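**Student:** My structure is stored as work-v1.cif, with mmCIF, C-alpha atoms and all ligand atoms.
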data_target
#
loop_
_atom_site.label_atom_id
_atom_site.label_comp_id
_atom_site.auth_asym_id
_atom_site.auth_seq_id
_atom_site.Cartn_x
_atom_site.Cartn_y
_atom_site.Cartn_z
CA MET A 1301 -9.12 4.60 -17.16
CA LYS A 1302 -7.24 7.42 -15.53
CA VAL A 1303 -3.52 6.75 -15.76
CA LEU A 1304 -1.01 8.76 -13.74
CA VAL A 1305 2.68 8.60 -14.64
CA ILE A 1306 5.11 10.02 -12.08
CA ASN A 1307 8.72 10.46 -13.11
CA GLY A 1308 11.33 11.01 -10.41
CA SER A 1309 14.22 11.84 -12.73
CA PRO A 1310 15.70 15.33 -12.34
CA ARG A 1311 16.92 15.10 -15.95
CA ARG A 1312 14.50 16.43 -18.56
CA GLY A 1313 14.39 14.27 -21.68
CA GLY A 1314 16.43 11.52 -20.04
CA ASN A 1315 15.98 7.77 -20.26
CA SER A 1316 13.22 7.65 -17.65
CA ASP A 1317 11.30 10.36 -19.54
CA LEU A 1318 11.68 8.48 -22.83
CA LEU A 1319 10.36 5.23 -21.34
CA CYS A 1320 7.46 7.04 -19.66
CA ASP A 1321 6.57 8.64 -22.98
CA GLU A 1322 6.48 5.26 -24.74
CA PHE A 1323 4.20 3.86 -22.05
CA ILE A 1324 2.00 6.95 -22.42
CA ARG A 1325 1.90 6.62 -26.21
CA GLY A 1326 0.63 3.05 -25.85
CA ALA A 1327 -1.89 3.96 -23.15
CA ARG A 1328 -3.29 6.88 -25.17
CA GLU A 1329 -3.61 4.68 -28.25
CA ALA A 1330 -5.60 2.27 -26.09
CA GLY A 1331 -7.98 5.12 -25.25
CA HIS A 1332 -6.96 5.96 -21.70
CA ALA A 1333 -6.66 9.42 -20.13
CA VAL A 1334 -3.02 9.82 -19.18
CA GLU A 1335 -1.32 12.52 -17.14
CA LYS A 1336 2.42 12.74 -16.61
CA VAL A 1337 3.95 14.48 -13.63
CA ALA A 1338 7.68 15.20 -13.55
CA LEU A 1339 8.70 15.63 -9.93
CA ARG A 1340 11.50 17.98 -11.01
CA ASP A 1341 8.80 20.54 -11.88
CA LYS A 1342 7.15 20.27 -8.46
CA THR A 1343 8.04 21.58 -5.06
CA ILE A 1344 7.70 18.70 -2.62
CA ALA A 1345 9.47 19.05 0.72
CA PRO A 1346 10.46 16.01 2.79
CA CYS A 1347 8.01 14.62 5.34
CA ARG A 1348 8.60 16.19 8.77
CA ALA A 1349 7.19 13.21 10.68
CA CYS A 1350 4.97 15.53 12.74
CA TYR A 1351 2.05 13.10 12.27
CA ALA A 1352 -0.42 15.97 12.11
CA CYS A 1353 -1.89 14.19 9.07
CA PHE A 1354 -2.93 11.29 11.30
CA ARG A 1355 -5.31 13.68 13.08
CA THR A 1356 -6.33 15.98 10.22
CA GLY A 1357 -5.92 13.86 7.09
CA SER A 1358 -3.74 16.45 5.41
CA CYS A 1359 -0.18 17.71 5.54
CA VAL A 1360 0.79 20.93 7.33
CA GLN A 1361 3.19 21.80 4.50
CA GLN A 1362 1.79 24.02 1.76
CA ASP A 1363 3.48 22.81 -1.40
CA ASP A 1364 2.64 20.85 -4.56
CA MET A 1365 2.06 17.51 -2.81
CA ALA A 1366 -1.59 18.10 -1.88
CA GLU A 1367 -2.57 18.39 -5.55
CA LEU A 1368 -0.43 15.40 -6.54
CA LEU A 1369 -1.82 13.26 -3.73
CA ASP A 1370 -5.30 13.98 -4.99
CA LYS A 1371 -4.30 12.97 -8.52
CA ILE A 1372 -2.76 9.73 -7.18
CA TRP A 1373 -5.91 9.02 -5.20
CA GLN A 1374 -8.08 9.51 -8.30
CA ALA A 1375 -5.94 7.43 -10.65
CA ASP A 1376 -6.94 3.92 -11.68
CA VAL A 1377 -3.43 3.09 -12.83
CA LEU A 1378 -0.20 4.39 -11.35
CA LEU A 1379 3.28 4.30 -12.88
CA LEU A 1380 6.35 5.22 -10.86
CA ALA A 1381 9.56 5.83 -12.81
CA SER A 1382 12.95 6.59 -11.33
CA PRO A 1383 16.61 6.52 -12.25
CA THR A 1384 18.81 4.42 -9.99
CA TYR A 1385 21.00 6.61 -7.80
CA PHE A 1386 23.50 4.73 -5.64
CA SER A 1387 21.43 1.56 -6.00
CA THR A 1388 18.19 3.15 -4.86
CA MET A 1389 15.52 5.54 -6.13
CA SER A 1390 16.10 9.25 -6.77
CA GLY A 1391 15.70 11.74 -3.92
CA PRO A 1392 12.62 13.42 -5.43
CA MET A 1393 10.87 10.03 -5.75
CA LYS A 1394 11.64 9.15 -2.11
CA ASN A 1395 10.43 12.54 -0.88
CA MET A 1396 7.21 12.13 -2.83
CA ILE A 1397 6.64 8.61 -1.46
CA ASP A 1398 7.12 9.71 2.16
CA ARG A 1399 4.56 12.46 1.60
CA LEU A 1400 1.93 9.82 0.74
CA LEU A 1401 1.47 9.42 4.50
CA PRO A 1402 -1.80 11.42 4.83
CA LYS A 1403 -3.61 9.06 2.45
CA TRP A 1404 -1.50 5.93 2.42
CA GLN A 1405 -4.35 3.70 3.52
CA ASP A 1406 -6.66 5.03 0.78
CA LEU A 1407 -4.49 4.44 -2.27
CA GLY A 1408 -4.96 0.70 -2.80
CA GLY A 1409 -6.72 -1.27 -5.51
CA LYS A 1410 -4.84 0.27 -8.44
CA ASP A 1411 -2.83 -1.49 -11.08
CA ALA A 1412 0.74 -0.27 -10.92
CA TYR A 1413 3.82 -0.21 -13.15
CA VAL A 1414 7.44 0.57 -12.39
CA ILE A 1415 10.13 1.96 -14.69
CA VAL A 1416 13.73 1.61 -13.51
CA THR A 1417 16.71 3.12 -15.34
CA GLY A 1418 20.42 2.85 -14.67
CA HIS A 1419 23.80 2.11 -16.21
CA ASP A 1420 23.90 -1.24 -14.49
CA GLY A 1421 22.33 -4.47 -15.75
CA ARG A 1422 19.16 -5.90 -14.30
CA ALA A 1423 20.99 -7.62 -11.42
CA GLY A 1424 22.35 -4.27 -10.25
CA LEU A 1425 19.01 -2.49 -10.62
CA LYS A 1426 17.07 -5.26 -8.88
CA LEU A 1427 17.00 -3.59 -5.46
CA MET A 1428 15.46 -0.43 -6.88
CA GLY A 1429 12.76 -2.35 -8.75
CA GLU A 1430 11.99 -4.27 -5.58
CA GLU A 1431 11.88 -1.14 -3.46
CA LEU A 1432 9.35 0.64 -5.65
CA SER A 1433 7.34 -2.58 -6.04
CA THR A 1434 7.33 -3.05 -2.25
CA VAL A 1435 6.10 0.50 -1.67
CA LEU A 1436 3.29 0.03 -4.20
CA GLY A 1437 2.43 -3.35 -2.67
CA ASN A 1438 2.29 -1.81 0.81
CA LEU A 1439 -0.20 0.72 -0.53
CA GLY A 1440 -2.35 -2.16 -1.73
CA CYS A 1441 -1.61 -1.70 -5.44
CA ARG A 1442 -1.02 -4.63 -7.80
CA VAL A 1443 2.35 -4.31 -9.54
CA ARG A 1444 1.74 -5.64 -13.04
CA GLN A 1445 5.17 -5.07 -14.56
CA VAL A 1446 8.61 -3.67 -13.94
CA ILE A 1447 10.24 -2.22 -17.05
CA TRP A 1448 14.03 -2.33 -16.83
CA GLY A 1449 15.85 0.46 -18.64
CA GLU A 1450 19.20 -1.22 -18.10
CA HIS A 1451 22.68 -0.31 -19.40
CA VAL A 1452 21.74 3.33 -20.00
CA TRP A 1453 23.68 6.30 -18.76
CA GLN A 1454 23.70 9.26 -21.12
CA LYS A 1455 20.49 10.89 -22.27
CA GLY A 1456 18.83 8.93 -25.08
CA GLU A 1457 20.75 5.69 -24.64
CA VAL A 1458 17.51 3.85 -23.99
CA LEU A 1459 16.31 4.58 -27.54
CA GLY A 1460 16.27 1.40 -29.62
CA THR A 1461 16.54 -0.93 -26.60
CA PRO A 1462 13.96 -3.63 -25.82
CA ALA A 1463 12.75 -1.57 -22.82
CA MET A 1464 11.21 1.00 -25.19
CA ASP A 1465 9.06 -1.66 -26.82
CA GLU A 1466 8.18 -3.16 -23.43
CA ALA A 1467 7.05 0.25 -22.19
CA TYR A 1468 4.91 0.86 -25.28
CA ARG A 1469 3.34 -2.59 -25.12
CA ALA A 1470 2.61 -2.29 -21.38
CA GLY A 1471 0.75 0.98 -22.01
CA ARG A 1472 -1.06 -0.39 -25.06
CA ALA A 1473 -2.21 -3.45 -23.07
CA LEU A 1474 -3.90 -1.44 -20.31
C1 LIG B 1501 23.96 10.54 -8.50
C2 LIG B 1501 23.86 9.40 -9.48
C3 LIG B 1501 24.00 8.11 -9.01
C4 LIG B 1501 23.86 7.03 -9.88
N1 LIG B 1501 23.95 5.76 -9.36
C5 LIG B 1501 23.70 4.71 -10.18
C6 LIG B 1501 23.70 3.38 -9.64
O1 LIG B 1501 23.89 3.14 -8.46
N2 LIG B 1501 23.43 2.35 -10.50
C7 LIG B 1501 23.20 2.57 -11.83
O2 LIG B 1501 22.95 1.60 -12.55
N3 LIG B 1501 23.19 3.82 -12.37
C8 LIG B 1501 23.44 4.89 -11.56
N4 LIG B 1501 23.41 6.16 -12.09
C9 LIG B 1501 23.11 6.35 -13.53
C10 LIG B 1501 21.64 6.70 -13.78
O3 LIG B 1501 20.77 5.83 -13.11
C11 LIG B 1501 21.35 6.64 -15.28
O4 LIG B 1501 22.12 7.62 -15.94
C12 LIG B 1501 19.87 6.87 -15.62
O5 LIG B 1501 19.68 6.72 -16.99
C13 LIG B 1501 19.42 8.24 -15.25
O6 LIG B 1501 18.08 8.39 -15.60
P1 LIG B 1501 17.62 9.59 -16.59
O7 LIG B 1501 18.29 9.34 -17.90
O8 LIG B 1501 16.16 9.47 -16.62
O9 LIG B 1501 18.10 10.84 -15.95
C14 LIG B 1501 23.59 7.25 -11.26
C15 LIG B 1501 23.49 8.57 -11.72
C16 LIG B 1501 23.61 9.64 -10.85
C17 LIG B 1501 23.43 11.04 -11.37
#
Show the structure stored in the file as structure tokens.
**Tutor:**
Amino acid sequence: MKVLVINGSPRRGGNSDLLCDEFIRGAREAGHAVEKVALRDKTIAPCRACYACFRTGSCVQQDDMAELLDKIWQADVLLLASPTYFSTMSGPMKNMIDRLLPKWQDLGGKDAYVIVTGHDGRAGLKLMGEELSTVLGNLGCRVRQVIWGEHVWQKGEVLGTPAMDEAYRAGRAL
């Protein structure tokens, strides 16, 4: 299967990256073709709500989203990972989600996974997990698992936590 991992953390090598990489390690061992996209490396402007895409099927803005949208469309499995920022997802992840508008009715039928990181415990991160799961559900994707990278703040704190094993096993089980 084609697996697309999208990480919305601006921090290279942070906890979200580490969990994504464990998921990817498992998925590659299971024989899947995996691509990882870090939104920090992409230029994706906010949606302008011009609704031109409703008429033309594509966005008027010429940036990296057209290519990413095509990758999302082609993927069999989608993973969205984001740090928790003020109880919600990161800005880059939200911008990317809003830019799904041109194809939002054509992205269903995929299995989906969510990775949430934050210094809070699961109760404090719950909203973020639910938000990303709701978005994926609205697209018609089946959310198979939310992986909670809880109680992590500084880079690398997720290493050695149960979330790392959960991420690996989720990828391996694809
Ligand atoms: C602007 C900002 C806001 C944050 N807000 C929260 C929060 O509301 N809840 C929380 O648990 N962690 C919060 N954090 C901590 C991050 O979610 C945590 O450090 C996470 O590991 C970052 O992911 P990364 O390591 O992939 O960069 C915040 C961090 C930043 C930079």
**Student:** Within 7 Å of ligand LIG 1501 (chain B) (counting all atoms listed in the file), which residues show up? I'd like them as number ranges by chain.
**Tutor:** A: 1309-1311, 1314-1317, 1382-1388, 1417-1421, 1424-1425, 1452-1455
**Student:** For Leu1474 in chain A, which residue out of A:Gly1326, A:Pro1462, A:Pro1392, A:Gly1357 is the nearest one, using all atoms listed in the file?
**Tutor:**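 Selected residue with least distance to Leu1474 in chain A: A:Gly1326.
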**Student:** Considering all atoms listed in the file, return as a list in words whatever protein or nucleic-acid residues lie within 8 Å of Thr1343 in chain A, sequence-local ones (same chain, fewer than 4 positions apart) excluded.
**Tutor:**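 Close residues of Thr1343 in chain A: Leu1339, Asp1363, Asp1364 and Met1365 of chain A.
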**Student:** Quick one: residues within 12 Å of range 1397-1399 of chain A, all atoms listed in the file, excluding same-chain residues fewer than 2 positions away - as a PDB file with C-alpha atoms, in the coordinates of the input?
**Tutor:**
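Output file result.pdb follows:
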ATOM      1  CA  ILE A1306       5.110  10.020 -12.080  1.00  0.00           C
ATOM      2  CA  ASN A1307       8.720  10.460 -13.110  1.00  0.00           C
ATOM      3  CA  GLY A1308      11.330  11.010 -10.410  1.00  0.00           C
ATOM      4  CA  LEU A1339       8.700  15.630  -9.930  1.00  0.00           C
ATOM      5  CA  THR A1343       8.040  21.580  -5.060  1.00  0.00           C
ATOM      6  CA  ILE A1344       7.700  18.700  -2.620  1.00  0.00           C
ATOM      7  CA  ALA A1345       9.470  19.050   0.720  1.00  0.00           C
ATOM      8  CA  PRO A1346      10.460  16.010   2.790  1.00  0.00           C
ATOM      9  CA  CYS A1347       8.010  14.620   5.340  1.00  0.00           C
ATOM     10  CA  ARG A1348       8.600  16.190   8.770  1.00  0.00           C
ATOM     11  CA  ALA A1349       7.190  13.210  10.680  1.00  0.00           C
ATOM     12  CA  CYS A1350       4.970  15.530  12.740  1.00  0.00           C
ATOM     13  CA  TYR A1351       2.050  13.100  12.270  1.00  0.00           C
ATOM     14  CA  CYS A1353      -1.890  14.190   9.070  1.00  0.00           C
ATOM     15  CA  GLY A1357      -5.920  13.860   7.090  1.00  0.00           C
ATOM     16  CA  SER A1358      -3.740  16.450   5.410  1.00  0.00           C
ATOM     17  CA  CYS A1359      -0.180  17.710   5.540  1.00  0.00           C
ATOM     18  CA  VAL A1360       0.790  20.930   7.330  1.00  0.00           C
ATOM     19  CA  GLN A1361       3.190  21.800   4.500  1.00  0.00           C
ATOM     20  CA  GLN A1362       1.790  24.020   1.760  1.00  0.00           C
ATOM     21  CA  ASP A1363       3.480  22.810  -1.400  1.00  0.00           C
ATOM     22  CA  ASP A1364       2.640  20.850  -4.560  1.00  0.00           C
ATOM     23  CA  MET A1365       2.060  17.510  -2.810  1.00  0.00           C
ATOM     24  CA  ALA A1366      -1.590  18.100  -1.880  1.00  0.00           C
ATOM     25  CA  GLU A1367      -2.570  18.390  -5.550  1.00  0.00           C
ATOM     26  CA  LEU A1368      -0.430  15.400  -6.540  1.00  0.00           C
ATOM     27  CA  LEU A1369      -1.820  13.260  -3.730  1.00  0.00           C
ATOM     28  CA  ASP A1370      -5.300  13.980  -4.990  1.00  0.00           C
ATOM     29  CA  ILE A1372      -2.760   9.730  -7.180  1.00  0.00           C
ATOM     30  CA  LEU A1380       6.350   5.220 -10.860  1.00  0.00           C
ATOM     31  CA  SER A1382      12.950   6.590 -11.330  1.00  0.00           C
ATOM     32  CA  MET A1389      15.520   5.540  -6.130  1.00  0.00           C
ATOM     33  CA  SER A1390      16.100   9.250  -6.770  1.00  0.00           C
ATOM     34  CA  GLY A1391      15.700  11.740  -3.920  1.00  0.00           C
ATOM     35  CA  PRO A1392      12.620  13.420  -5.430  1.00  0.00           C
ATOM     36  CA  MET A1393      10.870  10.030  -5.750  1.00  0.00           C
ATOM     37  CA  LYS A1394      11.640   9.150  -2.110  1.00  0.00           C
ATOM     38  CA  ASN A1395      10.430  12.540  -0.880  1.00  0.00           C
ATOM     39  CA  LEU A1401       1.470   9.420   4.500  1.00  0.00           C
ATOM     40  CA  PRO A1402      -1.800  11.420   4.830  1.00  0.00           C
ATOM     41  CA  LYS A1403      -3.610   9.060   2.450  1.00  0.00           C
ATOM     42  CA  TRP A1404      -1.500   5.930   2.420  1.00  0.00           C
ATOM     43  CA  LEU A1407      -4.490   4.440  -2.270  1.00  0.00           C
ATOM     44  CA  GLU A1431      11.880  -1.140  -3.460  1.00  0.00           C
ATOM     45  CA  LEU A1432       9.350   0.640  -5.650  1.00  0.00           C
ATOM     46  CA  THR A1434       7.330  -3.050  -2.250  1.00  0.00           C
ATOM     47  CA  VAL A1435       6.100   0.500  -1.670  1.00  0.00           C
ATOM     48  CA  LEU A1436       3.290   0.030  -4.200  1.00  0.00           C
ATOM     49  CA  ASN A1438       2.290  -1.810   0.810  1.00  0.00           C
ATOM     50  CA  LEU A1439      -0.200   0.720  -0.530  1.00  0.00           C
TER      51      LEU A1439
END
**Student:** Skipping near chain neighbours, those fewer than 5 positions away, what residues fall within 8 Å of Ile1415 in chain A using all atoms listed in the file, listed as a PDB file with C-alpha atoms, keeping the file's coordinate frame?
**Tutor:**
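Result written to part.pdb:
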ATOM      1  CA  SER A1316      13.220   7.650 -17.650  1.00  0.00           C
ATOM      2  CA  LEU A1319      10.360   5.230 -21.340  1.00  0.00           C
ATOM      3  CA  CYS A1320       7.460   7.040 -19.660  1.00  0.00           C
ATOM      4  CA  LEU A1379       3.280   4.300 -12.880  1.00  0.00           C
ATOM      5  CA  LEU A1380       6.350   5.220 -10.860  1.00  0.00           C
ATOM      6  CA  ALA A1381       9.560   5.830 -12.810  1.00  0.00           C
ATOM      7  CA  SER A1382      12.950   6.590 -11.330  1.00  0.00           C
ATOM      8  CA  GLY A1429      12.760  -2.350  -8.750  1.00  0.00           C
ATOM      9  CA  VAL A1446       8.610  -3.670 -13.940  1.00  0.00           C
ATOM     10  CA  ILE A1447      10.240  -2.220 -17.050  1.00  0.00           C
ATOM     11  CA  TRP A1448      14.030  -2.330 -16.830  1.00  0.00           C
ATOM     12  CA  GLY A1449      15.850   0.460 -18.640  1.00  0.00           C
TER      13      GLY A1449
END
**Student:** In Å, with one decimal, what is the gap from CA of Gly1437 in chain A to CA of Leu1400 in chain A?
**Tutor:**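 Between CA of Gly1437 in chain A and CA of Leu1400 in chain A the gap is 13.6 Å.
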**Student:** Pick from A:Val1416, A:Leu1318, A:Ala1375, A:Val1443: nearest to Met1464 in chain A, with only C-alpha atoms counted?
**Tutor:**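 Using only C-alpha atoms, Met1464 in chain A sits closest to A:Leu1318.
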**Student:** Kindly indicate which residue among A:Ala1423, A:Leu1378, A:Ile1324, A:Val1305 lies nearest to Asp1465 in chain A, using all atoms listed in the file for the distances.
**Tutor:** A:Ile1324
**Student:** May I ask for the distance between CA of Arg1328 in chain A and CA of Tyr1413 in chain A, given in Å to one decimal place?
**Tutor:** 15.7 Å
**Student:** Calculate how many Å separate CA of Lys1336 in chain A from CA of Lys1426 in chain A, rounding to one decimal.
**Tutor:** 24.5 Å
**Student:** Go through A:Asp1376, A:Gly1456, A:Asp1406, A:Arg1355 and flag the residue nearest Arg1312 in chain A, using only C-alpha atoms for the distances.
**Tutor:**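 Looking only at the distances to Arg1312 in chain A, the closest residue turns out to be A:Gly1456.
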**Student:** Might you pull out every residue within 9 Å of Arg1444 in chain A, with only C-alpha atoms counted and same-chain residues fewer than 6 positions away left off, and present them as a ChimeraX atom specification?
**Tutor:** /A:1411-1414
**Student:** Only C-alpha atoms, please: the residues just picked out, written as a compact mmCIF listing (two decimals), in the coordinates of the input.
**Tutor:**
# COMPACT_ATOMS: atom_id res chain seq x y z
CA ASP A 1411 -2.83 -1.49 -11.08
CA ALA A 1412 0.74 -0.27 -10.92
CA TYR A 1413 3.82 -0.21 -13.15
CA VAL A 1414 7.44 0.57 -12.39
**Student:** How would range 1401-1420 of chain A look with N, CA and C atoms restored, written as an mmCIF file, keeping the file's coordinate frame?
**Tutor:**
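Written output follows (result-v5.cif):
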data_model
loop_
_atom_site.group_PDB
_atom_site.id
_atom_site.type_symbol
_atom_site.label_atom_id
_atom_site.label_comp_id
_atom_site.auth_asym_id
_atom_site.auth_seq_id
_atom_site.Cartn_x
_atom_site.Cartn_y
_atom_site.Cartn_z
ATOM 1 N N LEU A 1401 1.952 9.812 3.166
ATOM 2 C CA LEU A 1401 1.470 9.420 4.500
ATOM 3 C C LEU A 1401 0.020 9.824 4.812
ATOM 4 N N PRO A 1402 -0.425 11.050 4.466
ATOM 5 C CA PRO A 1402 -1.800 11.420 4.830
ATOM 6 C C PRO A 1402 -2.865 10.491 4.254
ATOM 7 N N LYS A 1403 -2.581 9.862 3.112
ATOM 8 C CA LYS A 1403 -3.610 9.060 2.450
ATOM 9 C C LYS A 1403 -3.157 7.630 2.196
ATOM 10 N N TRP A 1404 -2.106 7.188 2.864
ATOM 11 C CA TRP A 1404 -1.500 5.930 2.420
ATOM 12 C C TRP A 1404 -2.429 4.732 2.531
ATOM 13 N N GLN A 1405 -3.440 4.839 3.380
ATOM 14 C CA GLN A 1405 -4.350 3.700 3.520
ATOM 15 C C GLN A 1405 -5.525 3.779 2.537
ATOM 16 N N ASP A 1406 -5.549 4.839 1.725
ATOM 17 C CA ASP A 1406 -6.660 5.030 0.780
ATOM 18 C C ASP A 1406 -6.223 4.913 -0.674
ATOM 19 N N LEU A 1407 -5.027 4.415 -0.909
ATOM 20 C CA LEU A 1407 -4.490 4.440 -2.270
ATOM 21 C C LEU A 1407 -4.439 3.055 -2.914
ATOM 22 N N GLY A 1408 -5.048 2.080 -2.292
ATOM 23 C CA GLY A 1408 -4.960 0.700 -2.800
ATOM 24 C C GLY A 1408 -5.901 0.423 -3.960
ATOM 25 N N GLY A 1409 -5.802 -0.808 -4.479
ATOM 26 C CA GLY A 1409 -6.720 -1.270 -5.510
ATOM 27 C C GLY A 1409 -6.361 -0.846 -6.917
ATOM 28 N N LYS A 1410 -5.225 -0.180 -7.101
ATOM 29 C CA LYS A 1410 -4.840 0.270 -8.440
ATOM 30 C C LYS A 1410 -3.879 -0.735 -9.067
ATOM 31 N N ASP A 1411 -3.909 -0.791 -10.386
ATOM 32 C CA ASP A 1411 -2.830 -1.490 -11.080
ATOM 33 C C ASP A 1411 -1.634 -0.552 -11.137
ATOM 34 N N ALA A 1412 -0.447 -1.125 -10.988
ATOM 35 C CA ALA A 1412 0.740 -0.270 -10.920
ATOM 36 C C ALA A 1412 1.858 -0.814 -11.821
ATOM 37 N N TYR A 1413 2.664 0.104 -12.295
ATOM 38 C CA TYR A 1413 3.820 -0.210 -13.150
ATOM 39 C C TYR A 1413 5.028 0.545 -12.608
ATOM 40 N N VAL A 1414 6.197 -0.034 -12.865
ATOM 41 C CA VAL A 1414 7.440 0.570 -12.390
ATOM 42 C C VAL A 1414 8.404 0.666 -13.577
ATOM 43 N N ILE A 1415 9.051 1.808 -13.708
ATOM 44 C CA ILE A 1415 10.130 1.960 -14.690
ATOM 45 C C ILE A 1415 11.411 2.266 -13.920
ATOM 46 N N VAL A 1416 12.425 1.453 -14.154
ATOM 47 C CA VAL A 1416 13.730 1.610 -13.510
ATOM 48 C C VAL A 1416 14.760 1.907 -14.592
ATOM 49 N N THR A 1417 15.596 2.918 -14.399
ATOM 50 C CA THR A 1417 16.710 3.120 -15.340
ATOM 51 C C THR A 1417 18.027 3.152 -14.576
ATOM 52 N N GLY A 1418 19.092 2.814 -15.291
ATOM 53 C CA GLY A 1418 20.420 2.850 -14.670
ATOM 54 C C GLY A 1418 21.468 2.294 -15.622
ATOM 55 N N HIS A 1419 22.732 2.601 -15.329
ATOM 56 C CA HIS A 1419 23.800 2.110 -16.210
ATOM 57 C C HIS A 1419 24.107 0.645 -15.977
ATOM 58 N N ASP A 1420 23.648 0.142 -14.846
ATOM 59 C CA ASP A 1420 23.900 -1.240 -14.490
ATOM 60 C C ASP A 1420 22.970 -2.169 -15.277
#
